[in-house]
$ cat work-v1.txt   # compact mmCIF, C-alpha atoms
# COMPACT_ATOMS: atom_id res chain seq x y z
CA MET A 1 69.19 110.08 93.89
CA PRO A 2 69.09 109.65 97.71
CA ILE A 3 65.95 108.00 98.97
CA GLU A 4 63.58 109.38 101.58
CA VAL A 5 64.24 107.57 104.84
CA SER A 6 62.09 106.91 107.89
CA HIS A 7 62.20 108.99 111.05
CA PHE A 8 64.11 106.19 112.79
CA THR A 9 66.88 106.30 110.18
CA GLU A 10 66.99 110.10 110.28
CA VAL A 11 67.54 110.01 114.04
CA LEU A 12 70.18 107.27 113.65
CA MET A 13 72.05 109.29 111.02
CA ASP A 14 71.89 112.53 113.01
CA GLN A 15 71.22 112.62 116.74
CA VAL A 16 72.54 109.13 117.52
CA GLN A 17 75.80 109.90 115.71
CA LEU A 18 76.22 113.16 117.60
CA VAL A 19 75.66 111.47 120.97
CA ALA A 20 78.12 108.69 120.10
CA LEU A 21 80.65 111.28 118.92
CA ALA A 22 80.25 113.17 122.20
CA VAL A 23 80.92 109.97 124.14
CA MET A 24 84.10 109.38 122.12
CA ALA A 25 85.26 112.97 122.65
CA ALA A 26 84.63 112.77 126.39
CA VAL A 27 86.60 109.54 126.79
CA TYR A 28 89.48 110.86 124.70
CA LEU A 29 89.62 114.08 126.71
CA LEU A 30 89.88 112.00 129.89
CA LYS A 31 92.65 109.91 128.32
CA ILE A 32 94.59 113.00 127.27
CA ARG A 33 94.17 114.47 130.74
CA TRP A 34 95.51 111.21 132.19
CA ILE A 35 98.52 111.28 129.85
CA LEU A 36 99.31 114.91 130.67
CA HIS A 37 99.07 114.07 134.38
CA TYR A 38 102.52 112.46 134.10
CA LYS A 39 105.43 114.85 134.00
CA ALA A 40 107.95 114.32 131.22
CA ALA A 41 111.45 113.39 132.27
CA SER A 42 113.80 116.35 132.35
CA GLU A 43 117.15 116.26 130.59
CA ARG A 44 120.18 116.55 132.87
CA THR A 45 122.84 116.33 130.19
CA PRO A 46 124.15 119.06 127.88
CA SER A 47 122.26 119.30 124.62
CA ARG A 48 124.11 117.62 121.76
CA GLY A 49 121.54 118.14 119.01
CA ASP A 50 118.60 120.17 117.75
CA HIS A 51 115.62 118.65 119.52
CA GLY A 52 113.21 120.92 117.63
CA GLN A 53 114.39 119.51 114.32
CA ALA A 54 114.27 116.01 115.77
CA ILE A 55 110.65 116.48 116.88
CA ARG A 56 109.65 117.60 113.39
CA TYR A 57 111.49 114.65 111.89
CA SER A 58 109.83 112.28 114.35
CA TYR A 59 106.38 113.34 113.15
CA ALA A 60 107.45 113.31 109.50
CA THR A 61 108.56 109.65 109.58
CA LEU A 62 104.92 108.67 109.08
CA ALA A 63 105.23 109.92 105.50
CA MET A 64 108.81 108.72 105.00
CA PRO A 65 108.70 104.92 104.89
CA TRP A 66 112.29 104.75 103.60
CA GLU A 67 113.52 106.11 106.94
CA LEU A 68 112.35 103.13 109.01
CA PRO A 69 113.78 99.59 108.71
CA SER A 70 110.37 97.97 109.18
CA THR A 71 108.75 99.86 106.30
CA ARG A 72 111.81 99.54 104.05
CA ARG A 73 111.65 95.78 104.43
CA HIS A 74 107.87 95.47 104.27
CA TRP A 75 106.76 98.13 101.80
CA PHE A 76 103.53 96.25 101.02
CA ARG A 77 102.40 96.52 104.64
CA TYR A 78 103.11 100.23 104.60
CA LEU A 79 101.03 100.57 101.43
CA GLU A 80 98.28 98.53 103.04
CA PHE A 81 98.49 100.75 106.13
CA GLY A 82 98.16 103.88 104.02
CA LEU A 83 95.26 102.63 101.91
CA LEU A 84 93.38 101.39 104.97
CA HIS A 85 93.65 104.70 106.77
CA VAL A 86 92.66 106.66 103.68
CA ALA A 87 89.57 104.45 103.35
CA VAL A 88 88.72 104.98 107.02
CA ALA A 89 89.11 108.75 106.66
CA VAL A 90 86.86 108.81 103.58
CA ALA A 91 84.23 106.67 105.32
CA ILE A 92 84.28 108.98 108.34
CA LEU A 93 83.85 111.99 106.06
CA VAL A 94 80.89 110.29 104.39
CA THR A 95 79.17 109.83 107.76
CA PHE A 96 79.15 113.63 108.14
CA VAL A 97 78.12 114.39 104.56
CA MET A 98 75.28 111.88 104.09
CA PRO A 99 72.97 113.14 106.87
CA TYR A 100 73.22 116.82 105.94
CA TRP A 101 74.36 117.16 102.29
CA PRO A 102 73.48 113.81 100.68
CA ARG A 103 73.35 115.21 97.14
CA LEU A 104 77.04 116.16 97.28
CA ILE A 105 77.96 112.47 96.94
CA ALA A 106 74.97 111.28 94.91
CA GLY A 107 76.59 111.42 91.48
CA ARG A 108 77.25 108.12 89.71
CA ASP A 109 80.98 108.75 89.38
CA THR A 110 81.31 109.84 93.01
CA ILE A 111 79.45 106.75 94.19
CA GLY A 112 81.72 104.55 92.08
CA VAL A 113 84.87 106.13 93.53
CA LEU A 114 83.56 105.77 97.08
CA GLN A 115 82.71 102.11 96.55
CA VAL A 116 86.18 101.43 95.17
CA VAL A 117 87.80 103.17 98.15
CA PHE A 118 85.67 101.18 100.59
CA ALA A 119 86.40 97.94 98.74
CA VAL A 120 90.14 98.63 98.99
CA GLY A 121 89.70 99.27 102.71
CA LEU A 122 87.82 95.98 103.04
CA LEU A 123 90.63 94.10 101.27
CA ALA A 124 93.22 95.73 103.54
CA VAL A 125 91.26 94.64 106.61
CA ALA A 126 90.93 91.11 105.24
CA SER A 127 94.69 91.01 104.64
CA ARG A 128 95.39 92.05 108.21
CA LEU A 129 92.90 89.55 109.61
CA VAL A 130 94.42 86.68 107.60
CA ARG A 131 97.89 87.66 108.81
CA ARG A 132 96.77 87.75 112.45
CA VAL A 133 95.08 84.38 112.23
CA GLY A 134 97.52 82.64 109.89
CA THR A 135 100.87 83.75 111.33
CA ALA A 136 102.10 82.15 114.55
CA ALA A 137 103.95 85.28 115.67
CA MET A 138 100.86 87.45 115.13
CA ARG A 139 98.59 84.96 116.90
CA ALA A 140 100.90 85.11 119.91
CA VAL A 141 100.53 88.88 120.29
CA SER A 142 96.87 89.19 119.26
CA SER A 143 93.97 89.54 121.66
CA PRO A 144 90.26 88.87 121.12
CA ASP A 145 89.85 92.64 120.77
CA ASP A 146 92.18 92.62 117.73
CA HIS A 147 90.11 90.02 115.93
CA PHE A 148 86.78 91.53 116.93
CA SER A 149 87.84 95.02 115.83
CA LEU A 150 88.98 93.78 112.42
CA LEU A 151 85.78 91.80 111.90
CA MET A 152 83.64 94.80 112.79
CA LEU A 153 85.76 97.05 110.58
CA ALA A 154 85.24 94.63 107.68
CA ALA A 155 81.49 94.72 108.31
CA TRP A 156 81.60 98.53 108.42
CA PHE A 157 83.32 98.76 105.03
CA ALA A 158 80.92 96.22 103.54
CA ALA A 159 77.98 98.27 104.81
CA ALA A 160 79.62 101.44 103.44
CA ILE A 161 79.82 99.89 99.96
CA LEU A 162 76.10 99.11 100.05
CA ALA A 163 75.16 102.46 101.60
CA ALA A 164 77.18 104.63 99.18
CA PRO A 165 74.38 104.90 96.54
CA GLN A 166 71.96 106.00 99.32
CA THR A 167 69.20 103.92 97.71
CA SER A 168 68.80 101.25 100.41
CA GLU A 169 67.50 102.14 103.86
CA PRO A 170 68.66 98.82 105.42
CA ALA A 171 72.17 99.53 104.12
CA LEU A 172 72.09 103.04 105.61
CA ILE A 173 70.86 101.63 108.94
CA ALA A 174 73.68 99.06 108.96
CA PHE A 175 76.34 101.63 108.06
CA PHE A 176 75.28 104.28 110.56
CA GLY A 177 74.48 101.69 113.22
CA LEU A 178 78.03 100.34 112.94
CA THR A 179 79.39 103.89 112.88
CA ALA A 180 77.66 104.72 116.17
CA PHE A 181 78.91 101.46 117.66
CA PHE A 182 82.50 102.25 116.63
CA LEU A 183 82.34 105.78 118.01
CA VAL A 184 81.48 104.39 121.45
CA TYR A 185 83.59 101.23 121.29
CA VAL A 186 86.87 102.52 119.81
CA PRO A 187 87.98 104.66 122.82
CA PHE A 188 87.86 101.53 124.98
CA SER A 189 89.58 99.25 122.45
CA LYS A 190 93.15 98.83 121.21
CA ILE A 191 92.21 100.88 118.14
CA SER A 192 92.52 103.94 120.36
CA HIS A 193 96.30 103.54 120.31
CA TYR A 194 96.45 106.42 117.83
CA ILE A 195 95.64 108.86 120.64
CA TYR A 196 99.12 108.11 122.03
CA TRP A 197 100.92 108.63 118.71
CA PRO A 198 101.37 112.44 118.89
CA PHE A 199 102.82 112.15 122.40
CA ILE A 200 105.13 109.27 121.49
CA ARG A 201 106.52 111.04 118.45
CA TYR A 202 107.01 114.29 120.38
CA TYR A 203 108.94 112.71 123.25
CA THR A 204 110.96 110.47 120.92
CA GLY A 205 112.18 113.52 119.01
CA LYS A 206 112.69 115.63 122.12
CA HIS A 207 114.60 113.01 124.10
CA PHE A 208 116.84 111.51 121.44
CA GLY A 209 117.21 114.81 119.60
CA HIS A 210 118.60 116.31 122.81
CA ARG A 211 121.19 113.53 122.88
CA GLY A 212 122.10 114.14 119.25
CA VAL A 213 121.37 110.58 118.11
CA TYR A 214 118.08 111.29 116.34
CA PRO A 215 117.61 111.47 113.46
CA ALA A 216 120.35 108.98 112.64
CA LYS A 217 123.20 110.49 110.69
CA SER A 218 123.45 107.41 108.46
CA VAL A 219 121.50 104.23 107.75
CA PRO A 220 123.30 100.86 108.17
CA ARG A 221 123.60 99.00 104.92
CA HIS A 222 122.10 95.83 106.36
CA ALA A 223 118.93 97.64 107.62
$ encode --input "work-v1.txt" --output "structure tokens"
Amino acid sequence: MPIEVSHFTEVLMDQVQLVALAVMAAVYLLKIRWILHYKAASERTPSRGDHGQAIRYSYATLAMPWELPSTRRHWFRYLEFGLLHVAVAVAILVTFVMPYWPRLIAGRDTIGVLQVVFAVGLLAVASRLVRRVGTAAMRAVSSPDDHFSLLMLAAWFAAAILAAPQTSEPALIAFFGLTAFFLVYVPFSKISHYIYWPFIRYYTGKHFGHRGVYPAKSVPRHA
């Protein structure tokens, strides 16, 4: 059964989240406007393929790990990627449900499932952090923002595990405090790379589909 929280926590779970979300939306709208400010290169060669099909394929590769050499070779990292993003999506959904419909996720079984999902997300973050710190190649391309973001994400999942039962006000404060922080911080961090993904996939399909070289007609045996 969700506990009664103080006025401070109510404001943190409601108004503070909405303000932080508005900040994120405003920054992202400015970023999208900046991206759209650049005109896409025009094709000057005759079309040799179906760029519409190539664009659809370009987006679909996210769910087709067998189509990319990197995910064929490193299936565990793709699985880790998928589980992490599912856990993030569930945690984000919870931040909208808890303040307004807390009883929807107050059942014992639901709480157990949520805690397992958040624990899996925490393990995925820990795996990524260990790889960034323990691998020379990853250390060479990592910035302080990479390490800080992973540490904060680990703390967020840990707080989510404790907050899931909705029986501890300190846990709820930690979870929603970190959520508000992330909403403001993420648009200015490397985590915001996902805002570029739809544009990258679109232009990859459009450009190489026009040339008729994408998607590849066959996969090299050594890939």
$ atom_distance --input "work-v1.txt" --atom1 "atom CA of A:Val184" --atom2 "atom CA of A:Phe8"
19.5 Å
$ residues_near_point --input "work-v1.txt" --point "(75.3, 115.7, 115.0)" --cutoff "12 Å" --atoms "all atoms listed in the file" --output "PyMOL selection string"
chain A and resi 10-22+95-100+180
$ axis_aligned_box --input "work-v1.txt" --around "stretch 32-44 of chain A" --padding-each-side "3 Å" --output "lines of an AutoDock Vina configuration file"
center_x = 107.2
center_y = 113.9
center_z = 130.8
size_x = 32.0
size_y = 11.3
size_z = 13.1
$ atom_distance --input "work-v1.txt" --atom1 "atom CA of A:Val120" --atom2 "atom CA of A:Trp101"
24.6 Å
$ atom_distance --input "work-v1.txt" --atom1 "atom CA of A:Arg56" --atom2 "atom CA of A:Tyr214"
10.9 Å
$ residues_around --input "work-v1.txt" --residues "A:Glu43" --least-positions-apart "6" --cutoff "12 Å" --atoms "all atoms listed in the file" --output "ChimeraX atom specification"
/A:51,203,206-211
$ closest_atom_pairs --input "work-v1.txt" --of "stretch 90-173 of chain A" --to "stretch 78-84 of chain A" --cutoff "9 Å" --atoms "all atoms listed in the file" --output "CSV"
residue,atom,partner,partner_atom,distance
A:Val117,CA,A:Leu83,CA,8.4
A:Phe118,CA,A:Leu84,CA,8.9
A:Val120,CA,A:Leu83,CA,7.1
A:Gly121,CA,A:Leu84,CA,4.8
A:Leu122,CA,A:Leu84,CA,8.0
A:Leu123,CA,A:Leu84,CA,8.6
A:Ala124,CA,A:Glu80,CA,5.8
A:Val125,CA,A:Leu84,CA,7.3
A:Ser127,CA,A:Glu80,CA,8.5
A:Arg128,CA,A:Glu80,CA,8.8
$ residues_around --input "work-v1.txt" --residues "A:Ser149" --least-positions-apart "6" --cutoff "9 Å" --atoms "only C-alpha atoms" --output "list in words"
Val186, Ser189, Lys190 and Ile191 of chain A
$ closest_residue --input "work-v1.txt" --among "A:Ile55, A:Val23, A:Ile32, A:Ala60" --to "A:Phe182" --atoms "only C-alpha atoms"
A:Val23
$ closest_residue --input "work-v1.txt" --among "A:Ala41, A:Ala89, A:Ile173, A:Arg139" --to "A:Val5" --atoms "all atoms listed in the file"
A:Ile173
$ closest_residue --input "work-v1.txt" --among "A:Val88, A:Arg103, A:Tyr185, A:Ile35" --to "A:Phe157" --atoms "only C-alpha atoms"
A:Val88
$ closest_residue --input "work-v1.txt" --among "A:Phe76, A:Phe175, A:Phe199, A:Phe188" --to "A:Ala159" --atoms "only C-alpha atoms"
A:Phe175
$ closest_residue --input "work-v1.txt" --among "A:Leu129, A:Ala26, A:Arg33, A:Thr9" --to "A:Asp145" --atoms "only C-alpha atoms"
A:Leu129
$ closest_residue --input "work-v1.txt" --among "A:Arg108, A:Arg132, A:His7, A:His147" --to "A:Pro165" --atoms "all atoms listed in the file"
A:Arg108
